[in-house]
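A short worksheet on the structure shown next.
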Amino acid sequence: MRRAQSQRHADFPPAPTLAESDERFRVLVDCIRDYAVFLLDTEGRVQTWNAGAALIKGYQRDEIVGKSIELFYSREDREDGRPRRLLAQATRDGRVEDEGWRVRKDGSRFWADVVITALRNDGGELIGFAKVTRDLTQRQQAEEERRRLEADRIRAEEALRIRDEFLSIASHELKTPLTALREGAELLNDQVGGPLAPPQRQVVSIMRDNSVKLQRLIEDLLDYQRALHAAASLVPRSVSLDALVREVAVGHELAMRAKGQQLVLKAEKLTVEADPEKLRSIVDNLLGNAVKFTPAGGSITVLAGASGGEAVIDVIDSGPGVPAEERDSIFDSFFRGRVKANARVEGTGLGLAIAREFTEAHGGKISVVSEGSGGHFRVKLPRKARVLEAA
């Protein structure tokens, strides 16, 4: 029995001596690279230095041993007495933890998490401090970036709220005086009180034309405001696409007749799940854009049908088309294309932007099919539009 126990004891190495344990611990600490781990004397002077301290702070052992930890602090912190205050707190409480900017040998700063622990002998006498430092610069930068993005988000939301409020108030407040202006111009145009002299007719014509422009601007602004929240307000139902396209085309007949434009309409019978008002706005803005850019005597073709499980609407005109340099911007808000060099077409530049917002709210896509040789815009919508919850 004693021989068996002796044999088992022989299988295990003898326990290390105190000196061997101390040496192993020193080697362990010296090898740590993710943390700066070192000892200070009672005055805060560096006594030991590990590999992590060299990597984080930039000093080699022979450069820093015997120097004060005040070297690791900014001038402002040194003048404020922060290093001495932290040592005093560790002496009083046993330990102190602190986060803040520290300075490397090359003068660069890093965000450090620091723990200072007071070391005492068996008699309770302070014999120095153990200091552990971790570099948290990346975490701090990520947190600062998160805060910056959050602040940007809040500012953007506030800007959107102010914009929406302004568009709503401005648009509605303009309606009342505009209505009075338009009706007054119509009364004058009807020669109330007798025939108008040529100068008077000219003034009335200017009043009427400008009231029409203002009315169009207000409608565009209101449509644009609705378009910005289209996804949240989408109310799809079964819509006869061919009937809707024909109805919108009728609304543009007068303008096309005035310019001698020819309309070719081909719409196959097709039912889609869509928000009828927003779908009507898509077609209306594309047709209005075609009428505006198509020269007198030109032609406009509207095609509506199904392809590959999607509803497809094409609006093609014989105008100047979309220049290559404008293709990426044509659907941007307030963008107005040129029909020729230095000649910008009148309008708010909102029609195509509104068409894009309403199209994408339905889960569809709007695009320019060709550039030059006439304009060709295509809208593709899923036969069954997405139903989106209000935000």
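Every chain in the structure tokens takes a letter, A first, then B, and so on in the order presented; its residues are numbered from 1, and the ligands are numbered from 1 following the presented order.
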Inset, instruction - Taking the DSSP assignment computed from this structure's backbone, write out as a ChimeraX atom specification all residues of segment 128-371 of chain A that belong to alpha helix (DSSP H). - result: /A:137-189,198-228,241-251,253-258,276-293,351-361
Legend entry - Residues near segment 198-209 of chain A, cut-off 9 Å, only C-alpha atoms, skip fewer than 5 positions along chain, as a list in words: Leu181, Arg182, Glu183, Gly184, Ala185, Glu186, Leu188, Asn189 and Leu214 of chain A
Just N, CA and C atoms for this one: save the residues we selected as a short mmCIF file (atom, residue, chain, number, x, y, z; two decimals), in the first residue's frame.
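Contents of result.cif, as written:
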data_model
loop_
_atom_site.label_atom_id
_atom_site.label_comp_id
_atom_site.auth_asym_id
_atom_site.auth_seq_id
_atom_site.Cartn_x
_atom_site.Cartn_y
_atom_site.Cartn_z
N LEU A 181 -57.48 85.15 -56.78
CA LEU A 181 -56.78 85.73 -57.94
C LEU A 181 -57.27 85.10 -59.23
N ARG A 182 -57.38 83.79 -59.25
CA ARG A 182 -57.80 83.10 -60.46
C ARG A 182 -59.24 83.46 -60.83
N GLU A 183 -60.13 83.47 -59.84
CA GLU A 183 -61.52 83.80 -60.11
C GLU A 183 -61.67 85.24 -60.58
N GLY A 184 -60.87 86.16 -59.98
CA GLY A 184 -60.91 87.55 -60.42
C GLY A 184 -60.47 87.70 -61.86
N ALA A 185 -59.42 86.93 -62.22
CA ALA A 185 -58.93 86.99 -63.60
C ALA A 185 -59.98 86.45 -64.56
N GLU A 186 -60.70 85.40 -64.16
CA GLU A 186 -61.74 84.84 -65.01
C GLU A 186 -62.88 85.82 -65.20
N LEU A 188 -62.72 89.10 -65.03
CA LEU A 188 -62.25 90.15 -65.95
C LEU A 188 -62.19 89.65 -67.38
N ASN A 189 -61.78 88.41 -67.52
CA ASN A 189 -61.68 87.83 -68.85
C ASN A 189 -63.05 87.71 -69.51
N LEU A 214 -49.04 79.02 -60.45
CA LEU A 214 -49.04 78.90 -58.99
C LEU A 214 -49.87 77.72 -58.52
#
Could you list, with a cut-off of 9 Å and counting only C-alpha atoms, the residues of segment 258-301 of chain A near segment 376-379 of chain A, each shown with its nearest atom pair and the distance in Å rounded to one decimal, rows sorted by chain and ascending number, as JSON lines?
{"residue": "A:Ile282", "atom": "CA", "partner": "A:Val379", "partner_atom": "CA", "distance": 8.6}
{"residue": "A:Leu286", "atom": "CA", "partner": "A:Phe377", "partner_atom": "CA", "distance": 7.6}
{"residue": "A:Ala290", "atom": "CA", "partner": "A:His376", "partner_atom": "CA", "distance": 9.0}
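When only C-alpha atoms are used to compute distances to Leu241 of chain A, the closest of the residues A:Thr271, A:Asn289, A:Asn121, A:Thr301 turns out to be A:Thr271.
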Inset, instruction - Find the residues around segment 253-261 of chain A up to 9 Å (only C-alpha atoms counted), leave out those fewer than 3 positions away in its own chain, and share them as a PyMOL selection string. - result: chain A and resi 249-250+291+294-300
Legend entry - Selected residue, from A:Ala130, A:Val212, A:Val96, A:Cys31, that lies nearest to Arg45 of chain A when counting only C-alpha atoms: A:Ala130
Inset, instruction - Please measure the separation of atom CA of Ile354 of chain A and atom CA of Leu234 of chain A, giving the value in Å to one decimal. - result: 13.9 Å
Inset, instruction - Identify all residues of segment 72-130 of chain A in strand (DSSP E or B) (DSSP on the backbone) and supply them as a PyMOL selection string. - result: chain A and resi 95-103+109-120+126-130
Using the selection just defined, write its residues with C-alpha atoms as an mmCIF file, in the first residue's frame.
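Saved to result_0.cif:
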data_model
loop_
_atom_site.group_PDB
_atom_site.id
_atom_site.type_symbol
_atom_site.label_atom_id
_atom_site.label_comp_id
_atom_site.auth_asym_id
_atom_site.auth_seq_id
_atom_site.Cartn_x
_atom_site.Cartn_y
_atom_site.Cartn_z
ATOM 1 C CA ARG A 95 -8.193 50.667 -5.647
ATOM 2 C CA VAL A 96 -9.448 53.182 -8.186
ATOM 3 C CA GLU A 97 -10.694 52.774 -11.754
ATOM 4 C CA ASP A 98 -10.584 55.576 -14.274
ATOM 5 C CA GLU A 99 -11.244 56.147 -17.969
ATOM 6 C CA GLY A 100 -9.807 58.977 -19.999
ATOM 7 C CA TRP A 101 -7.284 60.139 -22.548
ATOM 8 C CA ARG A 102 -3.668 59.137 -21.986
ATOM 9 C CA VAL A 103 -0.530 60.162 -23.882
ATOM 10 C CA ARG A 109 -3.519 60.115 -27.370
ATOM 11 C CA PHE A 110 -5.446 56.956 -26.658
ATOM 12 C CA TRP A 111 -8.551 56.253 -24.590
ATOM 13 C CA ALA A 112 -7.532 54.178 -21.570
ATOM 14 C CA ASP A 113 -9.303 52.160 -18.921
ATOM 15 C CA VAL A 114 -7.007 52.195 -15.877
ATOM 16 C CA VAL A 115 -7.126 50.288 -12.584
ATOM 17 C CA ILE A 116 -4.675 51.255 -9.824
ATOM 18 C CA THR A 117 -4.463 48.976 -6.789
ATOM 19 C CA ALA A 118 -2.638 49.880 -3.581
ATOM 20 C CA LEU A 119 -0.118 47.246 -2.416
ATOM 21 C CA ARG A 120 0.582 46.800 1.314
ATOM 22 C CA LEU A 126 1.876 50.991 1.657
ATOM 23 C CA ILE A 127 4.715 49.614 -0.474
ATOM 24 C CA GLY A 128 3.537 50.706 -3.939
ATOM 25 C CA PHE A 129 0.832 50.271 -6.550
ATOM 26 C CA ALA A 130 -0.121 47.809 -9.278
#
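Atom CA of Glu357 of chain A is positioned 22.1 Å from atom CA of Ala324 of chain A.
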Inset, instruction - Report the distance between atom CA of Ser74 of chain A and atom CA of Lys105 of chain A in Å, rounded to one decimal place. - result: 11.5 Å
Inset, instruction - Find, counting only C-alpha atoms, the residue in A:Leu287, A:Val368, A:Ala361, A:Val302 that gets nearest to Val322 of chain A. - result: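 Of A:Leu287, A:Val368, A:Ala361, A:Val302, the one nearest Val322 of chain A, counting only C-alpha atoms, is A:Val368.
Of the listed residues (A:Arg280, A:Lys213, A:Arg356, A:Lys269), A:Arg280 comes nearest to Glu247 of chain A; the distances count only C-alpha atoms.
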Inset, instruction - Identify, on the basis of only C-alpha atoms, every residue whose closest approach to Gly375 of chain A does not exceed 9 Å; exclude the query and any residue fewer than 5 positions from it along the same chain; express the result as number ranges by chain. - result: A: 290, 293-294, 315-322, 368-370
For those residues, write C-alpha atoms to a file as an mmCIF file, in the first residue's frame.
data_model
loop_
_atom_site.group_PDB
_atom_site.id
_atom_site.type_symbol
_atom_site.label_atom_id
_atom_site.label_comp_id
_atom_site.auth_asym_id
_atom_site.auth_seq_id
_atom_site.Cartn_x
_atom_site.Cartn_y
_atom_site.Cartn_z
ATOM 1 C CA ALA A 290 -43.980 64.121 -72.044
ATOM 2 C CA PHE A 293 -40.823 68.178 -73.521
ATOM 3 C CA THR A 294 -42.472 67.096 -76.762
ATOM 4 C CA VAL A 315 -44.580 56.647 -71.836
ATOM 5 C CA ILE A 316 -42.688 57.460 -75.036
ATOM 6 C CA ASP A 317 -42.388 60.875 -76.649
ATOM 7 C CA SER A 318 -40.717 62.423 -79.693
ATOM 8 C CA GLY A 319 -38.965 65.079 -77.643
ATOM 9 C CA PRO A 320 -35.220 65.548 -77.189
ATOM 10 C CA GLY A 321 -34.847 62.578 -74.852
ATOM 11 C CA VAL A 322 -32.743 62.387 -71.698
ATOM 12 C CA VAL A 368 -35.287 55.733 -68.361
ATOM 13 C CA VAL A 369 -35.288 53.133 -71.118
ATOM 14 C CA SER A 370 -33.345 55.171 -73.655
#
